[in-house]
$ cat target26.tsv   # TSV, C-alpha atoms
chain	number	residue	atom	x	y	z
O	11	MET	CA	-80.25	60.63	-63.78
O	12	THR	CA	-83.00	60.92	-66.38
O	13	ARG	CA	-83.48	57.75	-68.42
O	14	SER	CA	-83.21	58.45	-72.13
O	15	THR	CA	-85.85	57.99	-74.77
O	16	ARG	CA	-85.22	59.13	-78.34
O	17	MET	CA	-83.53	62.52	-77.96
O	18	ALA	CA	-82.60	65.23	-80.45
O	19	TRP	CA	-80.22	68.20	-80.38
O	20	ARG	CA	-80.31	70.81	-83.13
O	21	ASP	CA	-78.01	73.52	-84.47
O	22	MET	CA	-74.99	72.13	-82.65
O	23	THR	CA	-71.38	72.98	-83.37
O	24	LEU	CA	-70.02	69.44	-83.34
O	25	PHE	CA	-66.49	68.40	-82.37
O	26	ASP	CA	-66.46	64.71	-83.24
O	27	GLY	CA	-63.34	63.77	-81.27
O	28	LEU	CA	-60.82	64.73	-83.95
O	29	ALA	CA	-62.16	67.85	-85.68
O	30	THR	CA	-64.97	70.40	-85.73
O	31	LEU	CA	-67.54	69.67	-88.42
O	32	PRO	CA	-68.01	72.51	-90.92
O	33	GLU	CA	-71.74	73.17	-90.50
O	34	PRO	CA	-74.39	73.08	-87.76
O	35	MET	CA	-75.50	69.56	-86.96
O	36	ALA	CA	-78.41	67.63	-85.51
O	37	VAL	CA	-77.66	64.66	-83.26
O	38	ILE	CA	-80.10	61.89	-82.35
O	39	VAL	CA	-79.51	59.57	-79.38
O	40	GLU	CA	-81.47	56.36	-78.86
O	41	ASP	CA	-80.95	53.34	-76.61
O	42	GLY	CA	-77.74	54.67	-75.16
O	43	ARG	CA	-76.04	55.23	-78.52
O	44	ILE	CA	-75.69	57.90	-81.15
O	45	ALA	CA	-78.36	56.94	-83.67
O	46	GLU	CA	-77.89	59.70	-86.23
O	47	ARG	CA	-75.89	62.86	-86.87
O	48	LEU	CA	-76.73	64.98	-89.86
O	49	PRO	CA	-76.29	68.54	-91.13
O	50	MET	CA	-79.13	70.90	-90.31
O	51	SER	CA	-79.51	71.48	-94.07
O	52	ARG	CA	-80.80	67.89	-94.28
O	53	PHE	CA	-82.74	67.86	-90.99
O	54	ASP	CA	-86.47	67.24	-91.44
O	55	PRO	CA	-88.33	68.09	-88.20
O	56	ALA	CA	-91.25	65.88	-89.20
O	57	ALA	CA	-89.00	62.83	-89.38
O	58	PHE	CA	-87.96	63.37	-85.78
O	59	ALA	CA	-91.25	64.50	-84.29
O	60	ASP	CA	-91.18	61.64	-81.79
O	61	CYS	CA	-87.86	62.84	-80.31
O	62	ARG	CA	-87.53	64.59	-77.00
O	63	GLU	CA	-86.16	68.07	-77.72
O	64	MET	CA	-82.90	68.45	-75.80
O	65	GLY	CA	-81.77	71.89	-76.88
O	66	ARG	CA	-80.32	74.00	-79.63
O	67	GLY	CA	-77.02	75.76	-80.09
O	68	GLY	CA	-73.77	75.46	-78.21
O	69	VAL	CA	-70.91	73.03	-78.71
O	70	MET	CA	-71.25	69.26	-78.45
O	71	THR	CA	-68.20	67.08	-77.81
O	72	PRO	CA	-67.63	63.52	-76.77
O	73	GLY	CA	-67.44	63.07	-73.02
O	74	LEU	CA	-63.90	63.89	-71.92
O	75	VAL	CA	-61.51	61.01	-71.27
O	76	ASP	CA	-58.92	61.50	-68.51
O	77	CYS	CA	-56.48	58.72	-69.34
O	78	HIS	CA	-53.90	59.18	-66.55
O	79	THR	CA	-54.81	59.83	-62.88
O	80	HIS	CA	-53.82	58.75	-59.39
O	81	LEU	CA	-57.12	59.68	-57.71
O	82	VAL	CA	-57.00	57.14	-54.85
O	83	PHE	CA	-54.55	58.13	-52.12
O	84	GLY	CA	-54.29	58.89	-48.43
O	85	GLY	CA	-53.26	62.21	-46.91
O	86	ASN	CA	-51.95	65.16	-48.90
O	87	ARG	CA	-48.63	66.88	-49.51
O	88	ALA	CA	-49.50	70.54	-49.07
O	89	ASP	CA	-46.68	70.84	-46.53
O	90	GLU	CA	-44.17	69.70	-49.16
O	91	PHE	CA	-45.57	72.22	-51.65
O	92	GLU	CA	-44.89	74.91	-49.07
O	93	GLN	CA	-41.40	73.55	-48.32
O	94	ARG	CA	-40.42	73.59	-51.99
O	95	LEU	CA	-41.48	77.22	-52.27
O	96	GLU	CA	-39.33	77.98	-49.23
O	97	GLY	CA	-36.30	76.51	-50.99
O	98	VAL	CA	-36.17	72.91	-49.76
O	99	ASP	CA	-35.36	70.64	-52.71
O	100	TYR	CA	-37.09	67.35	-53.48
O	101	ALA	CA	-34.14	65.22	-52.35
O	102	GLU	CA	-34.12	66.85	-48.91
O	103	ILE	CA	-37.89	66.42	-48.60
O	104	ALA	CA	-37.45	62.74	-49.40
O	105	ARG	CA	-34.70	62.41	-46.78
O	106	ARG	CA	-37.14	63.83	-44.25
O	107	GLY	CA	-39.61	61.08	-45.10
O	108	GLY	CA	-41.62	62.99	-47.70
O	109	GLY	CA	-42.29	62.43	-51.38
O	110	ILE	CA	-44.09	59.37	-52.73
O	111	ILE	CA	-43.25	57.37	-49.60
O	112	SER	CA	-45.18	59.83	-47.42
O	113	THR	CA	-48.25	59.16	-49.56
O	114	VAL	CA	-47.56	55.42	-49.35
O	115	ARG	CA	-47.51	55.66	-45.58
O	116	ALA	CA	-50.80	57.59	-45.46
O	117	THR	CA	-52.45	55.27	-47.99
O	118	ARG	CA	-51.45	52.15	-46.07
O	119	GLU	CA	-52.83	53.63	-42.86
O	120	ALA	CA	-56.17	54.56	-44.44
O	121	SER	CA	-59.02	52.08	-44.54
O	122	GLU	CA	-60.73	51.18	-47.78
O	123	GLU	CA	-63.75	53.22	-46.69
O	124	THR	CA	-61.59	56.27	-45.94
O	125	LEU	CA	-59.85	56.08	-49.31
O	126	PHE	CA	-63.21	55.72	-51.04
O	127	ALA	CA	-64.74	58.69	-49.21
O	128	ARG	CA	-61.77	60.95	-49.96
O	129	ALA	CA	-61.60	59.97	-53.63
O	130	LEU	CA	-65.31	60.60	-54.26
O	131	PRO	CA	-65.13	64.43	-54.39
O	132	ARG	CA	-62.00	64.30	-56.54
O	133	LEU	CA	-63.77	62.11	-59.06
O	134	GLN	CA	-66.95	64.20	-58.83
O	135	ALA	CA	-64.88	67.26	-59.78
O	136	LEU	CA	-63.78	65.50	-62.97
O	137	ILE	CA	-67.37	64.51	-63.76
O	138	ASP	CA	-68.60	68.06	-63.22
O	139	ASP	CA	-65.99	69.22	-65.74
O	140	GLY	CA	-67.19	66.83	-68.45
O	141	VAL	CA	-65.27	63.58	-67.91
O	142	THR	CA	-67.17	60.37	-68.73
O	143	CYS	CA	-64.20	57.94	-68.67
O	144	VAL	CA	-61.25	58.01	-66.28
O	145	GLU	CA	-58.22	55.84	-65.65
O	146	ILE	CA	-57.23	55.36	-61.99
O	147	LYS	CA	-53.86	53.91	-61.05
O	148	SER	CA	-52.65	52.17	-57.93
O	149	GLY	CA	-49.05	52.77	-56.89
O	150	TYR	CA	-49.30	54.18	-53.37
O	151	GLY	CA	-49.65	50.82	-51.66
O	152	LEU	CA	-46.48	49.08	-52.89
O	153	ASP	CA	-47.39	45.79	-51.23
O	154	LEU	CA	-49.91	43.11	-52.07
O	155	ALA	CA	-52.68	44.06	-49.64
O	156	ASN	CA	-52.58	47.80	-50.23
O	157	GLU	CA	-52.20	47.71	-54.01
O	158	LEU	CA	-55.29	45.51	-54.21
O	159	LYS	CA	-57.05	47.78	-51.72
O	160	MET	CA	-56.48	50.77	-54.00
O	161	LEU	CA	-57.74	48.91	-57.05
O	162	ARG	CA	-60.88	47.79	-55.19
O	163	VAL	CA	-61.58	51.41	-54.27
O	164	ALA	CA	-61.17	52.45	-57.90
O	165	ARG	CA	-63.64	49.78	-59.02
O	166	ARG	CA	-66.13	50.94	-56.35
O	167	LEU	CA	-65.88	54.52	-57.56
O	168	GLY	CA	-67.01	53.42	-60.99
O	169	GLU	CA	-70.00	51.69	-59.44
O	170	ALA	CA	-70.96	54.66	-57.27
O	171	LEU	CA	-70.79	57.45	-59.85
O	172	PRO	CA	-71.90	57.77	-63.51
O	173	ILE	CA	-68.47	57.32	-65.09
O	174	ARG	CA	-66.44	54.56	-66.73
O	175	VAL	CA	-63.40	53.70	-64.57
O	176	VAL	CA	-60.42	51.93	-66.11
O	177	THR	CA	-57.99	50.57	-63.50
O	178	THR	CA	-54.22	50.29	-63.88
O	179	LEU	CA	-51.80	48.43	-61.61
O	180	LEU	CA	-48.79	50.67	-60.94
O	181	ALA	CA	-47.05	48.59	-58.29
O	182	ALA	CA	-43.71	49.44	-59.99
O	183	HIS	CA	-44.08	53.10	-59.01
O	184	ALA	CA	-41.42	53.45	-56.31
O	185	LEU	CA	-39.32	51.26	-54.03
O	186	PRO	CA	-41.11	50.55	-50.73
O	187	PRO	CA	-39.22	50.73	-47.41
O	188	GLU	CA	-39.35	46.94	-47.00
O	189	PHE	CA	-37.19	46.53	-50.11
O	190	ALA	CA	-34.71	49.36	-49.53
O	191	ASP	CA	-31.61	48.74	-51.69
O	192	ASP	CA	-33.28	45.67	-53.27
O	193	ALA	CA	-35.11	46.88	-56.34
O	194	ASP	CA	-34.73	43.53	-58.09
O	195	GLY	CA	-36.28	41.80	-55.11
O	196	TYR	CA	-39.25	44.14	-55.20
O	197	ILE	CA	-39.71	43.60	-58.93
O	198	ASP	CA	-39.76	39.86	-58.18
O	199	HIS	CA	-42.55	40.55	-55.67
O	200	VAL	CA	-44.49	42.62	-58.22
O	201	CYS	CA	-44.19	39.96	-60.94
O	202	GLU	CA	-44.73	36.90	-58.77
O	203	ALA	CA	-47.29	38.11	-56.21
O	204	ILE	CA	-48.96	41.48	-56.78
O	205	LEU	CA	-49.56	41.33	-60.52
O	206	PRO	CA	-50.90	37.74	-60.58
O	207	ALA	CA	-53.27	38.53	-57.68
O	208	ALA	CA	-54.61	41.67	-59.39
O	209	ALA	CA	-55.16	39.70	-62.59
O	210	ARG	CA	-56.74	36.76	-60.80
O	211	GLU	CA	-59.23	39.02	-58.98
O	212	GLY	CA	-60.02	41.02	-62.14
O	213	LEU	CA	-58.96	44.29	-60.52
O	214	ALA	CA	-56.58	45.60	-63.20
O	215	ASP	CA	-57.31	46.53	-66.80
O	216	ALA	CA	-53.66	47.37	-67.54
O	217	VAL	CA	-50.19	47.45	-65.96
O	218	ASP	CA	-47.95	50.52	-65.70
O	219	VAL	CA	-44.33	51.12	-64.61
O	220	PHE	CA	-42.20	54.14	-63.73
O	221	CYS	CA	-39.05	53.85	-65.85
O	222	GLU	CA	-36.72	56.49	-64.43
O	223	THR	CA	-33.44	56.96	-62.55
O	224	ILE	CA	-35.36	57.55	-59.31
O	225	ALA	CA	-37.61	54.54	-59.90
O	226	PHE	CA	-36.89	51.41	-62.00
O	227	SER	CA	-34.45	50.56	-64.76
O	228	PRO	CA	-35.49	49.52	-68.28
O	229	ALA	CA	-34.46	45.93	-67.51
O	230	GLN	CA	-36.63	45.86	-64.40
O	231	CYS	CA	-39.56	47.41	-66.25
O	232	GLU	CA	-39.23	44.87	-69.03
O	233	ARG	CA	-39.68	42.08	-66.48
O	234	VAL	CA	-42.96	43.67	-65.43
O	235	PHE	CA	-44.04	44.01	-69.07
O	236	ARG	CA	-43.40	40.32	-69.66
O	237	ALA	CA	-45.34	39.36	-66.55
O	238	ALA	CA	-48.24	41.56	-67.63
O	239	ARG	CA	-48.36	39.97	-71.06
O	240	ALA	CA	-48.31	36.51	-69.46
O	241	HIS	CA	-51.57	37.54	-67.76
O	242	ALA	CA	-52.98	39.08	-70.96
O	243	LEU	CA	-52.88	42.61	-69.55
O	244	PRO	CA	-51.91	45.57	-71.76
O	245	ILE	CA	-49.06	47.80	-70.64
O	246	LYS	CA	-48.27	51.49	-70.22
O	247	ALA	CA	-45.21	53.40	-69.00
O	248	HIS	CA	-44.27	56.54	-67.13
O	249	ALA	CA	-41.18	57.30	-69.20
O	250	GLU	CA	-38.72	60.04	-70.12
O	251	GLN	CA	-40.09	62.40	-67.47
O	252	LEU	CA	-36.75	63.37	-65.91
O	253	SER	CA	-34.18	61.75	-68.20
O	254	ASN	CA	-33.93	59.63	-71.32
O	255	LEU	CA	-33.57	55.94	-70.42
O	256	GLY	CA	-35.31	54.66	-73.55
O	257	GLY	CA	-38.36	53.59	-71.57
O	258	SER	CA	-40.82	54.76	-74.21
O	259	ALA	CA	-39.08	52.79	-76.97
O	260	LEU	CA	-38.96	49.75	-74.69
O	261	ALA	CA	-42.68	50.05	-73.94
O	262	ALA	CA	-43.44	50.49	-77.64
O	263	ARG	CA	-41.52	47.30	-78.48
O	264	HIS	CA	-43.85	45.51	-76.08
O	265	GLY	CA	-46.93	47.00	-77.75
O	266	ALA	CA	-47.71	49.58	-75.08
O	267	LEU	CA	-50.98	51.46	-75.18
O	268	SER	CA	-49.10	54.61	-74.24
O	269	ALA	CA	-45.96	56.26	-72.96
O	270	ASP	CA	-46.72	59.08	-70.51
O	271	HIS	CA	-44.88	62.30	-69.52
O	272	ILE	CA	-42.16	61.93	-72.25
O	273	GLU	CA	-40.50	65.33	-71.72
O	274	TYR	CA	-37.09	63.83	-72.59
O	275	LEU	CA	-38.30	61.63	-75.46
O	276	ASP	CA	-35.76	61.47	-78.31
O	277	THR	CA	-36.11	60.87	-82.04
O	278	ALA	CA	-35.70	57.11	-81.67
O	279	GLY	CA	-38.43	57.06	-79.05
O	280	VAL	CA	-40.79	59.07	-81.24
O	281	GLU	CA	-40.22	56.67	-84.12
O	282	ALA	CA	-40.78	53.66	-81.85
O	283	LEU	CA	-44.13	55.06	-80.69
O	284	ARG	CA	-45.15	55.72	-84.28
O	285	ALA	CA	-44.22	52.23	-85.43
O	286	ALA	CA	-46.08	50.60	-82.54
O	287	GLY	CA	-49.17	52.80	-82.78
O	288	SER	CA	-48.70	53.81	-79.14
O	289	VAL	CA	-50.11	57.08	-77.79
O	290	ALA	CA	-47.95	59.84	-76.33
O	291	VAL	CA	-49.73	61.06	-73.19
O	292	LEU	CA	-48.94	64.66	-72.27
O	293	LEU	CA	-49.29	65.72	-68.62
O	294	PRO	CA	-49.06	69.52	-68.48
O	295	GLY	CA	-50.29	69.66	-64.88
O	296	ALA	CA	-47.15	67.97	-63.57
O	297	PHE	CA	-44.98	70.09	-65.88
O	298	HIS	CA	-46.64	73.20	-64.46
O	299	THR	CA	-46.56	72.18	-60.79
O	300	LEU	CA	-42.93	71.06	-60.86
O	301	ARG	CA	-41.93	74.13	-62.91
O	302	GLU	CA	-40.20	71.99	-65.50
O	303	THR	CA	-38.43	73.52	-68.48
O	304	GLN	CA	-37.90	70.53	-70.81
O	305	ALA	CA	-41.07	70.27	-72.93
O	306	PRO	CA	-42.10	67.11	-74.81
O	307	PRO	CA	-41.05	66.98	-78.51
O	308	ILE	CA	-44.40	68.18	-79.81
O	309	ASP	CA	-43.19	69.07	-83.31
O	310	ALA	CA	-41.64	65.62	-83.82
O	311	LEU	CA	-44.76	63.86	-82.53
O	312	ARG	CA	-46.95	66.00	-84.75
O	313	ARG	CA	-44.73	65.51	-87.82
O	314	THR	CA	-44.64	61.73	-87.47
O	315	GLY	CA	-48.34	61.39	-86.70
O	316	VAL	CA	-48.03	59.98	-83.17
O	317	PRO	CA	-51.41	60.56	-81.47
O	318	MET	CA	-51.10	62.89	-78.48
O	319	ALA	CA	-53.41	62.49	-75.50
O	320	VAL	CA	-53.81	65.02	-72.67
O	321	ALA	CA	-54.60	64.05	-69.06
O	322	THR	CA	-54.67	65.61	-65.60
O	323	ASP	CA	-52.19	63.25	-63.85
O	324	ALA	CA	-54.29	64.15	-60.79
O	325	ASN	CA	-52.19	63.14	-57.78
O	326	PRO	CA	-51.18	64.47	-54.35
O	327	GLY	CA	-47.60	65.44	-55.19
O	328	SER	CA	-46.78	66.62	-58.69
O	329	SER	CA	-50.24	67.46	-60.07
O	330	PRO	CA	-52.88	68.15	-57.40
O	331	LEU	CA	-55.16	69.48	-60.14
O	332	PHE	CA	-58.65	68.13	-60.69
O	333	MET	CA	-59.97	70.30	-63.54
O	334	PRO	CA	-59.62	68.62	-66.93
O	335	THR	CA	-60.48	71.70	-68.98
O	336	LEU	CA	-57.59	73.48	-67.27
O	337	MET	CA	-55.35	70.84	-68.83
O	338	LEU	CA	-56.62	71.86	-72.27
O	339	ASN	CA	-55.42	75.39	-71.57
O	340	LEU	CA	-52.07	74.26	-70.14
O	341	ALA	CA	-51.45	71.90	-73.07
O	342	CYS	CA	-51.83	74.88	-75.39
O	343	THR	CA	-49.95	77.50	-73.36
O	344	LEU	CA	-47.11	75.28	-72.10
O	345	PHE	CA	-46.72	72.76	-74.94
O	346	ARG	CA	-48.08	74.82	-77.86
O	347	LEU	CA	-50.77	72.36	-78.88
O	348	THR	CA	-53.58	73.86	-80.90
O	349	PRO	CA	-57.00	73.90	-79.21
O	350	ARG	CA	-58.12	71.20	-81.65
O	351	GLU	CA	-55.15	68.99	-80.76
O	352	ALA	CA	-55.73	69.49	-77.05
O	353	LEU	CA	-59.41	68.59	-77.26
O	354	ALA	CA	-58.68	65.56	-79.44
O	355	GLY	CA	-56.12	64.64	-76.78
O	356	MET	CA	-58.80	64.49	-74.13
O	357	THR	CA	-61.37	62.71	-76.32
O	358	ALA	CA	-60.40	60.37	-79.17
O	359	HIS	CA	-56.70	60.07	-78.36
O	360	GLY	CA	-57.32	59.79	-74.63
O	361	ALA	CA	-59.67	56.88	-75.28
O	362	ARG	CA	-57.09	55.26	-77.54
O	363	ALA	CA	-54.49	55.52	-74.76
O	364	LEU	CA	-56.79	53.30	-72.68
O	365	GLY	CA	-57.52	50.84	-75.47
O	366	ARG	CA	-61.14	52.07	-75.51
O	367	THR	CA	-61.40	53.27	-79.09
O	368	GLU	CA	-65.19	53.00	-79.05
O	369	LEU	CA	-65.17	56.03	-76.73
O	370	GLY	CA	-64.11	59.63	-77.33
O	371	ARG	CA	-65.89	59.95	-80.70
O	372	LEU	CA	-69.28	61.26	-81.79
O	373	GLU	CA	-69.98	58.69	-84.48
O	374	VAL	CA	-73.15	56.82	-85.35
O	375	GLY	CA	-73.23	53.68	-83.25
O	376	ALA	CA	-70.86	55.02	-80.58
O	377	PRO	CA	-71.91	55.05	-76.92
O	378	ALA	CA	-73.81	58.24	-76.08
O	379	ASP	CA	-71.21	59.65	-73.68
O	380	LEU	CA	-71.29	63.31	-74.61
O	381	CYS	CA	-71.21	66.88	-73.36
O	382	VAL	CA	-72.96	70.05	-74.45
O	383	TRP	CA	-71.11	73.25	-73.54
O	384	ASP	CA	-72.28	76.84	-73.24
O	385	VAL	CA	-69.63	78.15	-75.61
O	386	GLU	CA	-69.67	79.21	-79.26
O	387	THR	CA	-66.61	77.32	-80.49
O	388	PRO	CA	-64.68	74.28	-79.23
O	389	ALA	CA	-61.52	76.42	-78.97
O	390	GLU	CA	-63.12	78.31	-76.06
O	391	LEU	CA	-62.77	75.23	-73.87
O	392	ALA	CA	-58.97	75.61	-74.08
O	393	TYR	CA	-58.89	79.38	-74.37
O	394	ALA	CA	-60.57	80.19	-71.05
O	395	VAL	CA	-60.20	78.62	-67.62
O	396	GLN	CA	-63.77	78.92	-66.42
O	397	PRO	CA	-66.01	76.52	-64.52
O	398	GLY	CA	-69.72	76.28	-65.14
O	399	ARG	CA	-69.70	75.91	-68.93
O	400	LEU	CA	-71.05	72.36	-68.96
O	401	ARG	CA	-74.72	72.62	-69.96
O	402	GLN	CA	-75.50	68.92	-70.31
O	403	ARG	CA	-73.65	65.64	-69.81
O	404	LEU	CA	-74.88	62.29	-71.08
O	405	PHE	CA	-73.47	59.03	-69.80
O	406	LYS	CA	-74.53	55.84	-71.56
O	407	GLY	CA	-77.42	57.79	-73.02
O	408	GLU	CA	-78.68	59.10	-69.69
O	409	LEU	CA	-78.71	62.74	-68.71
O	410	THR	CA	-76.64	63.32	-65.57
O	411	HIS	CA	-76.17	67.11	-65.77
O	412	GLY	CA	-78.51	69.78	-67.07
$ encode --input "target26.tsv" --output "structure tokens"
Amino acid sequence: MTRSTRMAWRDMTLFDGLATLPEPMAVIVEDGRIAERLPMSRFDPAAFADCREMGRGGVMTPGLVDCHTHLVFGGNRADEFEQRLEGVDYAEIARRGGGIISTVRATREASEETLFARALPRLQALIDDGVTCVEIKSGYGLDLANELKMLRVARRLGEALPIRVVTTLLAAHALPPEFADDADGYIDHVCEAILPAAAREGLADAVDVFCETIAFSPAQCERVFRAARAHALPIKAHAEQLSNLGGSALAARHGALSADHIEYLDTAGVEALRAAGSVAVLLPGAFHTLRETQAPPIDALRRTGVPMAVATDANPGSSPLFMPTLMLNLACTLFRLTPREALAGMTAHGARALGRTELGRLEVGAPADLCVWDVETPAELAYAVQPGRLRQRLFKGELTHG
């Protein structure tokens, strides 16, 4: 990385995290933060003669924020992908020992070093596509030792690569074999052992649950929410992905940062998210991979002003996709977001879904996490699926790409 001095970009088309500014802009970065942004009509070259010239033209955006991933895992499920295309349904794959539990088995068998080594290229792919902040969940360990192992790997990834890593404990992801037919007993274990240990060791920034018929009931999820709040950890929820159990409204009542997936979200759930200020996180990669047909209630979310984030959901089963800008395209083509909404979903609203509102914006005083793209308009980032458009990437004011 190149350590920053006082740097200047000129004639930039600027997407500030929520909208494209109406005229070409100059942006000055100093000491790791955005020091000034001003229209070129008011730019005096003499006043910035001490700046290092960083380029002219192109589109500047905040660094992308991928607010929902499962990047740390053992093995892969390419065989299950093939089986599904040959007509084997998910239930039969699970009966054969596949599904989430197959990833749990591979993750438990893998050492911390192996998990770290395998996650590195996945995370590097996100970085190379413009991500400067990523959330990484646990949820493939499902016991004390392996959930903490996953979270330690996630922390290490943030130390090894130029990216902010936010960690989320997702121990309430599925029922492990040791607790077959005893979901309440496993939730006891999550609340009384796993969650307190993750909090005590400072490994989790938030706590997530999977509220669904194939996972945990609203009552069980609420117990996890209460335990998380007892340890001063914010909450999130996988909710309304396959059915409507009211998980999003429940999470909102507990002040959730976000409700994620939400394909089956109803009017009451939309209103609950609005009232709580929670973010609706859209995951078009899983929708695409699983060939779903029930789309999230975009019009209702838009009409009520619920912020919509977009994320990769990068994982080995339902979204083995590690290209964030592809998600911009899928959010538009599958969910009918506008390009502006999709890009805001992976910048300002994605940061809000992590409780990191200082990120995802190009405002004076904000951290200088930003990208410069070789495109003419921000809409092109959603319009085309094309690698290699990232001209420059700054992380904490330091040039990492370009």
$ closest_atom_pairs --input "target26.tsv" --of "stretch 81-165 of chain O" --to "stretch 67-73 of chain O" --cutoff "10 Å" --atoms "only C-alpha atoms" --output "CSV"
residue,atom,partner,partner_atom,distance
O:Ile137,CA,O:Gly73,CA,9.4
O:Asp139,CA,O:Gly73,CA,9.6
O:Gly140,CA,O:Gly73,CA,5.9
O:Val141,CA,O:Gly73,CA,5.6
O:Thr142,CA,O:Gly73,CA,5.1
O:Cys143,CA,O:Gly73,CA,7.5
$ residues_around --input "target26.tsv" --residues "O:Leu179" --least-positions-apart "2" --cutoff "8 Å" --atoms "all atoms listed in the file" --output "ChimeraX atom specification"
/O:147-149,157,161,177,181,205,208,214-218
$ closest_atom_pairs --input "target26.tsv" --of "stretch 301-393 of chain O" --to "stretch 31-47 of chain O" --cutoff "10 Å" --atoms "only C-alpha atoms" --output "CSV"
residue,atom,partner,partner_atom,distance
O:Leu372,CA,O:Ile44,CA,7.3
O:Glu373,CA,O:Ile44,CA,6.7
O:Val374,CA,O:Ile44,CA,5.0
O:Gly375,CA,O:Ile44,CA,5.3
O:Ala376,CA,O:Arg43,CA,5.6
O:Pro377,CA,O:Arg43,CA,4.4
O:Ala378,CA,O:Arg43,CA,4.5
O:Asp379,CA,O:Arg43,CA,8.1
O:Leu380,CA,O:Ile44,CA,9.6
$ atom_distance --input "target26.tsv" --atom1 "atom CA of O:Gly108" --atom2 "atom CA of O:Ile224"
14.3 Å
$ closest_residue --input "target26.tsv" --among "O:Ala57, O:Leu292, O:Ala164, O:Ile173" --to "O:Asp138" --atoms "all atoms listed in the file"
O:Ile173
$ atom_distance --input "target26.tsv" --atom1 "atom CA of O:Gly355" --atom2 "atom CA of O:Thr30"
13.8 Å
$ atom_distance --input "target26.tsv" --atom1 "atom CA of O:Leu28" --atom2 "atom CA of O:Gln396"
22.7 Å
$ closest_residue --input "target26.tsv" --among "O:Arg105, O:Arg399, O:His271, O:Arg162" --to "O:Glu250" --atoms "only C-alpha atoms"
O:His271
$ closest_residue --input "target26.tsv" --among "O:Gly195, O:Pro330, O:Gly287, O:Gly256" --to "O:Leu275" --atoms "only C-alpha atoms"
O:Gly256
$ closest_residue --input "target26.tsv" --among "O:Glu145, O:Tyr196, O:Cys61, O:Leu336" --to "O:Lys246" --atoms "only C-alpha atoms"
O:Glu145
$ residues_around --input "target26.tsv" --residues "O:Pro307" --least-positions-apart "5" --cutoff "10 Å" --atoms "all atoms listed in the file" --output "list of chain:residue names"
O:Ile272, O:Glu273, O:Tyr274, O:Leu275, O:Asp276, O:Thr277, O:Val280, O:Arg312, O:Phe345
$ residues_around --input "target26.tsv" --residues "O:Ala266" --least-positions-apart "2" --cutoff "7 Å" --atoms "all atoms listed in the file" --output "MDAnalysis selection string"
chainID O and resid 244:246 261:262 264 268 288
$ closest_residue --input "target26.tsv" --among "O:Ala237, O:Ile308, O:Ala135, O:Cys221" --to "O:Ala249" --atoms "all atoms listed in the file"
O:Cys221
$ closest_residue --input "target26.tsv" --among "O:Ala269, O:Gly109, O:Pro349, O:Pro186" --to "O:Asp89" --atoms "only C-alpha atoms"
O:Gly109
$ closest_atom_pairs --input "target26.tsv" --of "stretch 301-343 of chain O" --to "stretch 74-81 of chain O" --cutoff "8 Å" --atoms "all atoms listed in the file" --output "tab-separated table"
residue	atom	partner	partner_atom	distance
O:Ala319	CA	O:Cys77	CA	7.8
O:Val320	CA	O:Asp76	CA	7.5
O:Ala321	CA	O:Asp76	CA	5.0
O:Thr322	CA	O:Thr79	CA	6.4
O:Asp323	CA	O:Thr79	CA	4.4
O:Ala324	CA	O:Thr79	CA	4.8
O:Asn325	CA	O:His80	CA	5.0
O:Pro334	CA	O:Asp76	CA	7.3
$ closest_atom_pairs --input "target26.tsv" --of "stretch 305-369 of chain O" --to "stretch 111-131 of chain O" --cutoff "10 Å" --atoms "only C-alpha atoms" --output "CSV"
residue,atom,partner,partner_atom,distance
O:Asn325,CA,O:Thr113,CA,9.9
O:Pro326,CA,O:Thr113,CA,7.7
O:Gly327,CA,O:Thr113,CA,8.5
O:Phe332,CA,O:Pro131,CA,9.8
$ residues_around --input "target26.tsv" --residues "O:Met337" --least-positions-apart "3" --cutoff "9 Å" --atoms "only C-alpha atoms" --output "list in words"
Leu293, Pro294, Gly295, Val320, Ala321, Thr322, Leu331, Met333, Pro334, Leu340, Ala341, Cys342, Ala352, Met356 and Ala392 of chain O
$ residues_near_point --input "target26.tsv" --point "(-81.2, 70.4, -81.2)" --cutoff "7 Å" --atoms "only C-alpha atoms" --output "JSON, numbers by chain"
{"O": [18, 19, 20, 21, 22, 36, 63, 64, 65, 66, 67]}
